[in-house]
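Participant: What follows is a structure written as structure tokens; I'll ask about it next.
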Amino acid sequence: MSASPQTAGSTWIQTDPLTFGHALAGGDRVFEKISDVPDITIPFPGVWEVAYNARPIIEPSTAAPVYVITALYKNGVRIAGSEAVTGIAGPNQVFQATAGQTILHKFAAGDVLTLHAARLEQRGKATLASNDDGRTGIALHWVDPGF
């Protein structure tokens with residue numbers, strides 16, 4: 001999968017429609033890169049409007065809550081303010097949602113943007129998914145050379 005279009009003159013970047021299921025296996029609040037969503041290399045510097053959607057699938061196994069936290073990372077470091085959370089509490093319930101954020105962020109040419117997710121609570125299953133029923137993806141629009 002690739003992000004498209006991704007050309008040096010483009011002011012828009014968007015991931016193609018993706019189809020995947022990525023089980024989150026890490027510990028509480030341990031973010032893992034969602035490798036099914038392609039890395040996006042920023043073609044030129046400035047302020048970009050970044051929007052992402054994430055489709056968590058959450059299946060608690062007890063009455064305790066289970067949550068999925070998503071966030072954008074720049075060059076391997078979490079971008080503060082990009083976090084989103086979806087969750088459920090209750091026995092034998094399944095909940096699916098599409099969650100995400102829209103932020104303005106300043107990037108340098110060559111910065112790499114990635115999507116990460118973490119679990120909060122370990123009782124049950126947590127997956128990040130994308131298919132025809134609900135998509136996970138990232139879209140960017142160049143706004144300004146900087147402020």
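Starting from 1 in every chain, residues are counted up; chains themselves are A, B, ... following the order of the structure tokens, and ligands are numbered from 1 as listed.
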Which neighbours of range 109-126 of chain A fall inside 8 Å, counting only C-alpha atoms, when residues of the same chain fewer than 3 positions from it are skipped, and could you give them as an MDAnalysis selection string?
Facilitator: chainID A and resid 23:34 37:45 56:62 64:76
Participant: Using only C-alpha atoms, can you tell me which of A:Gly146, A:Gly87, A:Gly137, A:Gly81 comes closest to Thr15 in chain A?
Facilitator: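 Using only C-alpha atoms, Thr15 in chain A sits closest to A:Gly137.
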Participant: Between CA of Phe107 in chain A and CA of Arg78 in chain A, what distance in Å does the model show, to one decimal?
Facilitator: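 CA of Phe107 in chain A sits 13.4 Å away from CA of Arg78 in chain A.
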Participant: Where in range 15-142 of chain A does DSSP assign strand (DSSP E), given as an mmCIF file with N, CA and C atoms, in the first residue's frame?
Facilitator:
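File written: selection_7.cif
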```cif
data_model
loop_
_atom_site.group_PDB
_atom_site.id
_atom_site.type_symbol
_atom_site.label_atom_id
_atom_site.label_comp_id
_atom_site.auth_asym_id
_atom_site.auth_seq_id
_atom_site.Cartn_x
_atom_site.Cartn_y
_atom_site.Cartn_z
ATOM 1 N N THR A 15 -3.680 8.576 2.077
ATOM 2 C CA THR A 15 -3.471 7.138 1.920
ATOM 3 C C THR A 15 -4.577 6.572 1.036
ATOM 4 N N PHE A 20 -7.294 -4.052 6.216
ATOM 5 C CA PHE A 20 -6.425 -4.778 7.142
ATOM 6 C C PHE A 20 -7.129 -4.970 8.477
ATOM 7 N N GLY A 21 -6.575 -5.828 9.278
ATOM 8 C CA GLY A 21 -6.938 -6.003 10.684
ATOM 9 C C GLY A 21 -5.643 -6.153 11.453
ATOM 10 N N HIS A 22 -5.384 -5.262 12.392
ATOM 11 C CA HIS A 22 -4.123 -5.250 13.137
ATOM 12 C C HIS A 22 -4.446 -5.416 14.619
ATOM 13 N N ALA A 23 -4.255 -6.632 15.148
ATOM 14 C CA ALA A 23 -4.498 -6.881 16.570
ATOM 15 C C ALA A 23 -3.464 -6.141 17.397
ATOM 16 N N GLU A 32 2.157 1.009 19.472
ATOM 17 C CA GLU A 32 2.820 0.258 18.414
ATOM 18 C C GLU A 32 2.463 0.886 17.070
ATOM 19 N N LYS A 33 3.425 0.866 16.168
ATOM 20 C CA LYS A 33 3.206 1.412 14.833
ATOM 21 C C LYS A 33 2.229 0.520 14.084
ATOM 22 N N ILE A 40 4.139 8.263 5.630
ATOM 23 C CA ILE A 40 4.001 9.391 4.715
ATOM 24 C C ILE A 40 5.211 10.294 4.906
ATOM 25 N N THR A 41 5.968 10.503 3.839
ATOM 26 C CA THR A 41 7.113 11.401 3.867
ATOM 27 C C THR A 41 6.658 12.782 3.398
ATOM 28 N N GLY A 46 6.555 23.228 6.013
ATOM 29 C CA GLY A 46 5.477 24.169 6.275
ATOM 30 C C GLY A 46 4.472 23.592 7.237
ATOM 31 N N VAL A 47 3.369 24.296 7.354
ATOM 32 C CA VAL A 47 2.275 23.861 8.214
ATOM 33 C C VAL A 47 1.313 23.029 7.378
ATOM 34 N N TRP A 48 0.989 21.854 7.883
ATOM 35 C CA TRP A 48 0.077 20.940 7.211
ATOM 36 C C TRP A 48 -1.130 20.699 8.110
ATOM 37 N N GLU A 49 -2.313 20.650 7.501
ATOM 38 C CA GLU A 49 -3.501 20.184 8.203
ATOM 39 C C GLU A 49 -3.531 18.667 8.031
ATOM 40 N N VAL A 50 -3.543 17.954 9.136
ATOM 41 C CA VAL A 50 -3.497 16.499 9.118
ATOM 42 C C VAL A 50 -4.778 15.967 9.747
ATOM 43 N N ALA A 51 -5.464 15.097 9.041
ATOM 44 C CA ALA A 51 -6.665 14.452 9.563
ATOM 45 C C ALA A 51 -6.501 12.945 9.434
ATOM 46 N N TYR A 52 -6.902 12.231 10.478
ATOM 47 C CA TYR A 52 -6.883 10.775 10.361
ATOM 48 C C TYR A 52 -8.150 10.202 10.970
ATOM 49 N N ASN A 53 -8.535 9.065 10.431
ATOM 50 C CA ASN A 53 -9.613 8.249 10.978
ATOM 51 C C ASN A 53 -9.004 6.925 11.386
ATOM 52 N N ALA A 54 -9.493 6.389 12.485
ATOM 53 C CA ALA A 54 -9.055 5.070 12.934
ATOM 54 C C ALA A 54 -10.293 4.277 13.326
ATOM 55 N N ARG A 55 -10.327 3.026 12.924
ATOM 56 C CA ARG A 55 -11.479 2.171 13.221
ATOM 57 C C ARG A 55 -11.080 1.088 14.220
ATOM 58 N N PRO A 56 -11.266 1.365 15.519
ATOM 59 C CA PRO A 56 -10.997 0.333 16.515
ATOM 60 C C PRO A 56 -12.136 -0.669 16.598
ATOM 61 N N ILE A 57 -11.794 -1.902 16.864
ATOM 62 C CA ILE A 57 -12.755 -2.949 17.200
ATOM 63 C C ILE A 57 -12.375 -3.420 18.596
ATOM 64 N N ILE A 58 -13.326 -3.308 19.527
ATOM 65 C CA ILE A 58 -13.040 -3.564 20.930
ATOM 66 C C ILE A 58 -13.997 -4.626 21.439
ATOM 67 N N GLU A 59 -13.449 -5.697 22.054
ATOM 68 C CA GLU A 59 -14.254 -6.799 22.566
ATOM 69 C C GLU A 59 -13.840 -7.107 24.001
ATOM 70 N N PRO A 60 -14.493 -6.501 24.999
ATOM 71 C CA PRO A 60 -14.152 -6.803 26.385
ATOM 72 C C PRO A 60 -14.505 -8.242 26.740
ATOM 73 N N VAL A 66 -12.192 -1.572 28.165
ATOM 74 C CA VAL A 66 -11.089 -1.736 27.214
ATOM 75 C C VAL A 66 -11.136 -0.524 26.287
ATOM 76 N N TYR A 67 -10.001 0.096 26.042
ATOM 77 C CA TYR A 67 -9.918 1.282 25.200
ATOM 78 C C TYR A 67 -8.811 1.126 24.171
ATOM 79 N N VAL A 68 -8.961 1.800 23.047
ATOM 80 C CA VAL A 68 -7.901 1.915 22.050
ATOM 81 C C VAL A 68 -7.564 3.395 21.929
ATOM 82 N N ILE A 69 -6.289 3.700 22.067
ATOM 83 C CA ILE A 69 -5.792 5.065 21.926
ATOM 84 C C ILE A 69 -5.000 5.112 20.622
ATOM 85 N N THR A 70 -5.270 6.093 19.777
ATOM 86 C CA THR A 70 -4.506 6.273 18.545
ATOM 87 C C THR A 70 -3.794 7.614 18.597
ATOM 88 N N ALA A 71 -2.701 7.726 17.846
ATOM 89 C CA ALA A 71 -1.946 8.979 17.788
ATOM 90 C C ALA A 71 -1.078 8.979 16.543
ATOM 91 N N LEU A 72 -0.771 10.185 16.076
ATOM 92 C CA LEU A 72 0.173 10.361 14.976
ATOM 93 C C LEU A 72 1.573 10.558 15.553
ATOM 94 N N TYR A 73 2.561 10.044 14.819
ATOM 95 C CA TYR A 73 3.960 10.197 15.216
ATOM 96 C C TYR A 73 4.720 10.881 14.084
ATOM 97 N N LYS A 74 5.641 11.757 14.465
ATOM 98 C CA LYS A 74 6.547 12.397 13.504
ATOM 99 C C LYS A 74 7.951 11.944 13.845
ATOM 100 N N VAL A 77 8.268 10.111 17.117
ATOM 101 C CA VAL A 77 7.877 10.789 18.359
ATOM 102 C C VAL A 77 6.401 11.190 18.255
ATOM 103 N N ARG A 78 5.638 10.888 19.303
ATOM 104 C CA ARG A 78 4.210 11.199 19.293
ATOM 105 C C ARG A 78 3.977 12.706 19.176
ATOM 106 N N ALA A 84 -6.491 10.181 20.084
ATOM 107 C CA ALA A 84 -7.938 9.941 20.128
ATOM 108 C C ALA A 84 -8.156 8.638 20.886
ATOM 109 N N VAL A 85 -9.290 8.516 21.547
ATOM 110 C CA VAL A 85 -9.560 7.305 22.318
ATOM 111 C C VAL A 85 -10.985 6.822 22.036
ATOM 112 N N THR A 86 -11.130 5.503 21.962
ATOM 113 C CA THR A 86 -12.421 4.849 21.823
ATOM 114 C C THR A 86 -12.438 3.692 22.804
ATOM 115 N N GLY A 87 -13.567 3.437 23.454
ATOM 116 C CA GLY A 87 -13.595 2.347 24.407
ATOM 117 C C GLY A 87 -14.984 1.905 24.754
ATOM 118 N N ILE A 88 -15.024 0.877 25.584
ATOM 119 C CA ILE A 88 -16.286 0.314 26.049
ATOM 120 C C ILE A 88 -16.055 -0.334 27.399
ATOM 121 N N PHE A 95 -17.957 -3.332 20.532
ATOM 122 C CA PHE A 95 -18.179 -1.957 20.117
ATOM 123 C C PHE A 95 -17.177 -1.609 19.030
ATOM 124 N N GLN A 96 -17.627 -1.015 17.951
ATOM 125 C CA GLN A 96 -16.736 -0.553 16.892
ATOM 126 C C GLN A 96 -16.994 0.930 16.670
ATOM 127 N N ALA A 99 -12.699 6.748 14.930
ATOM 128 C CA ALA A 99 -12.285 7.901 15.727
ATOM 129 C C ALA A 99 -11.039 8.507 15.103
ATOM 130 N N GLY A 100 -10.753 9.735 15.419
ATOM 131 C CA GLY A 100 -9.541 10.356 14.910
ATOM 132 C C GLY A 100 -9.455 11.800 15.319
ATOM 133 N N GLN A 101 -8.545 12.515 14.704
ATOM 134 C CA GLN A 101 -8.283 13.912 15.026
ATOM 135 C C GLN A 101 -7.955 14.672 13.757
ATOM 136 N N THR A 102 -8.104 15.986 13.822
ATOM 137 C CA THR A 102 -7.603 16.895 12.798
ATOM 138 C C THR A 102 -6.754 17.929 13.518
ATOM 139 N N ILE A 103 -5.516 18.095 13.066
ATOM 140 C CA ILE A 103 -4.598 19.028 13.717
ATOM 141 C C ILE A 103 -3.842 19.831 12.661
ATOM 142 N N LEU A 104 -3.296 20.953 13.076
ATOM 143 C CA LEU A 104 -2.313 21.693 12.287
ATOM 144 C C LEU A 104 -0.957 21.407 12.902
ATOM 145 N N HIS A 105 0.040 21.120 12.053
ATOM 146 C CA HIS A 105 1.364 20.801 12.577
ATOM 147 C C HIS A 105 2.421 21.252 11.587
ATOM 148 N N LYS A 106 3.527 21.753 12.097
ATOM 149 C CA LYS A 106 4.632 22.200 11.253
ATOM 150 C C LYS A 106 5.597 21.036 11.019
ATOM 151 N N PHE A 107 5.922 20.810 9.739
ATOM 152 C CA PHE A 107 6.833 19.735 9.352
ATOM 153 C C PHE A 107 7.997 20.302 8.556
ATOM 154 N N VAL A 112 8.775 12.074 8.570
ATOM 155 C CA VAL A 112 7.963 10.890 8.299
ATOM 156 C C VAL A 112 6.827 10.822 9.315
ATOM 157 N N LEU A 113 5.604 10.744 8.794
ATOM 158 C CA LEU A 113 4.395 10.694 9.604
ATOM 159 C C LEU A 113 3.875 9.255 9.623
ATOM 160 N N THR A 114 3.555 8.744 10.823
ATOM 161 C CA THR A 114 3.051 7.375 10.966
ATOM 162 C C THR A 114 1.891 7.358 11.955
ATOM 163 N N LEU A 115 1.064 6.322 11.858
ATOM 164 C CA LEU A 115 -0.047 6.120 12.780
ATOM 165 C C LEU A 115 0.330 5.028 13.767
ATOM 166 N N HIS A 116 0.041 5.282 15.037
ATOM 167 C CA HIS A 116 0.317 4.320 16.106
ATOM 168 C C HIS A 116 -0.941 4.129 16.931
ATOM 169 N N ALA A 117 -1.003 3.018 17.664
ATOM 170 C CA ALA A 117 -2.142 2.751 18.549
ATOM 171 C C ALA A 117 -1.660 1.975 19.759
ATOM 172 N N ALA A 118 -2.428 2.096 20.838
ATOM 173 C CA ALA A 118 -2.128 1.386 22.080
ATOM 174 C C ALA A 118 -3.432 0.941 22.719
ATOM 175 N N ARG A 119 -3.314 -0.066 23.555
ATOM 176 C CA ARG A 119 -4.449 -0.538 24.352
ATOM 177 C C ARG A 119 -4.392 0.118 25.724
ATOM 178 N N LEU A 120 -5.552 0.273 26.306
ATOM 179 C CA LEU A 120 -5.656 0.642 27.714
ATOM 180 C C LEU A 120 -6.560 -0.412 28.318
ATOM 181 N N GLY A 124 -9.719 -8.627 27.222
ATOM 182 C CA GLY A 124 -10.442 -8.676 25.961
ATOM 183 C C GLY A 124 -9.517 -8.422 24.785
ATOM 184 N N LYS A 125 -10.129 -8.175 23.624
ATOM 185 C CA LYS A 125 -9.389 -7.987 22.375
ATOM 186 C C LYS A 125 -9.516 -6.543 21.911
ATOM 187 N N ALA A 126 -8.457 -6.048 21.293
ATOM 188 C CA ALA A 126 -8.472 -4.713 20.692
ATOM 189 C C ALA A 126 -7.744 -4.802 19.350
ATOM 190 N N THR A 127 -8.393 -4.313 18.311
ATOM 191 C CA THR A 127 -7.864 -4.386 16.950
ATOM 192 C C THR A 127 -8.077 -3.045 16.276
ATOM 193 N N LEU A 128 -7.167 -2.668 15.404
ATOM 194 C CA LEU A 128 -7.390 -1.538 14.505
ATOM 195 C C LEU A 128 -7.650 -2.140 13.135
ATOM 196 N N ALA A 129 -8.710 -1.697 12.467
ATOM 197 C CA ALA A 129 -9.134 -2.330 11.217
ATOM 198 C C ALA A 129 -9.427 -1.278 10.155
ATOM 199 N N SER A 130 -9.533 -1.748 8.920
ATOM 200 C CA SER A 130 -9.941 -0.905 7.801
ATOM 201 C C SER A 130 -10.471 -1.812 6.708
ATOM 202 N N GLY A 137 -7.249 5.735 7.899
ATOM 203 C CA GLY A 137 -6.383 6.383 6.922
ATOM 204 C C GLY A 137 -5.981 7.779 7.365
ATOM 205 N N ILE A 138 -5.071 8.368 6.602
ATOM 206 C CA ILE A 138 -4.538 9.699 6.897
ATOM 207 C C ILE A 138 -4.650 10.554 5.641
ATOM 208 N N ALA A 139 -5.012 11.826 5.830
ATOM 209 C CA ALA A 139 -5.029 12.803 4.737
ATOM 210 C C ALA A 139 -4.347 14.071 5.238
ATOM 211 N N LEU A 140 -3.542 14.698 4.360
ATOM 212 C CA LEU A 140 -2.838 15.929 4.702
ATOM 213 C C LEU A 140 -3.058 16.970 3.629
ATOM 214 N N HIS A 141 -3.070 18.228 4.054
ATOM 215 C CA HIS A 141 -3.166 19.340 3.121
ATOM 216 C C HIS A 141 -2.189 20.407 3.578
ATOM 217 N N TRP A 142 -1.326 20.838 2.664
ATOM 218 C CA TRP A 142 -0.364 21.896 2.962
ATOM 219 C C TRP A 142 -1.124 23.201 3.106
#
```
Participant: Using CA of Asp144 in chain A and CA of Asp36 in chain A as the two end points, give the distance in Å to one decimal.
Facilitator: 29.3 Å
Participant: CA of Ser35 in chain A to CA of Asp132 in chain A: how many Å, to one decimal?
Facilitator: 19.0 Å
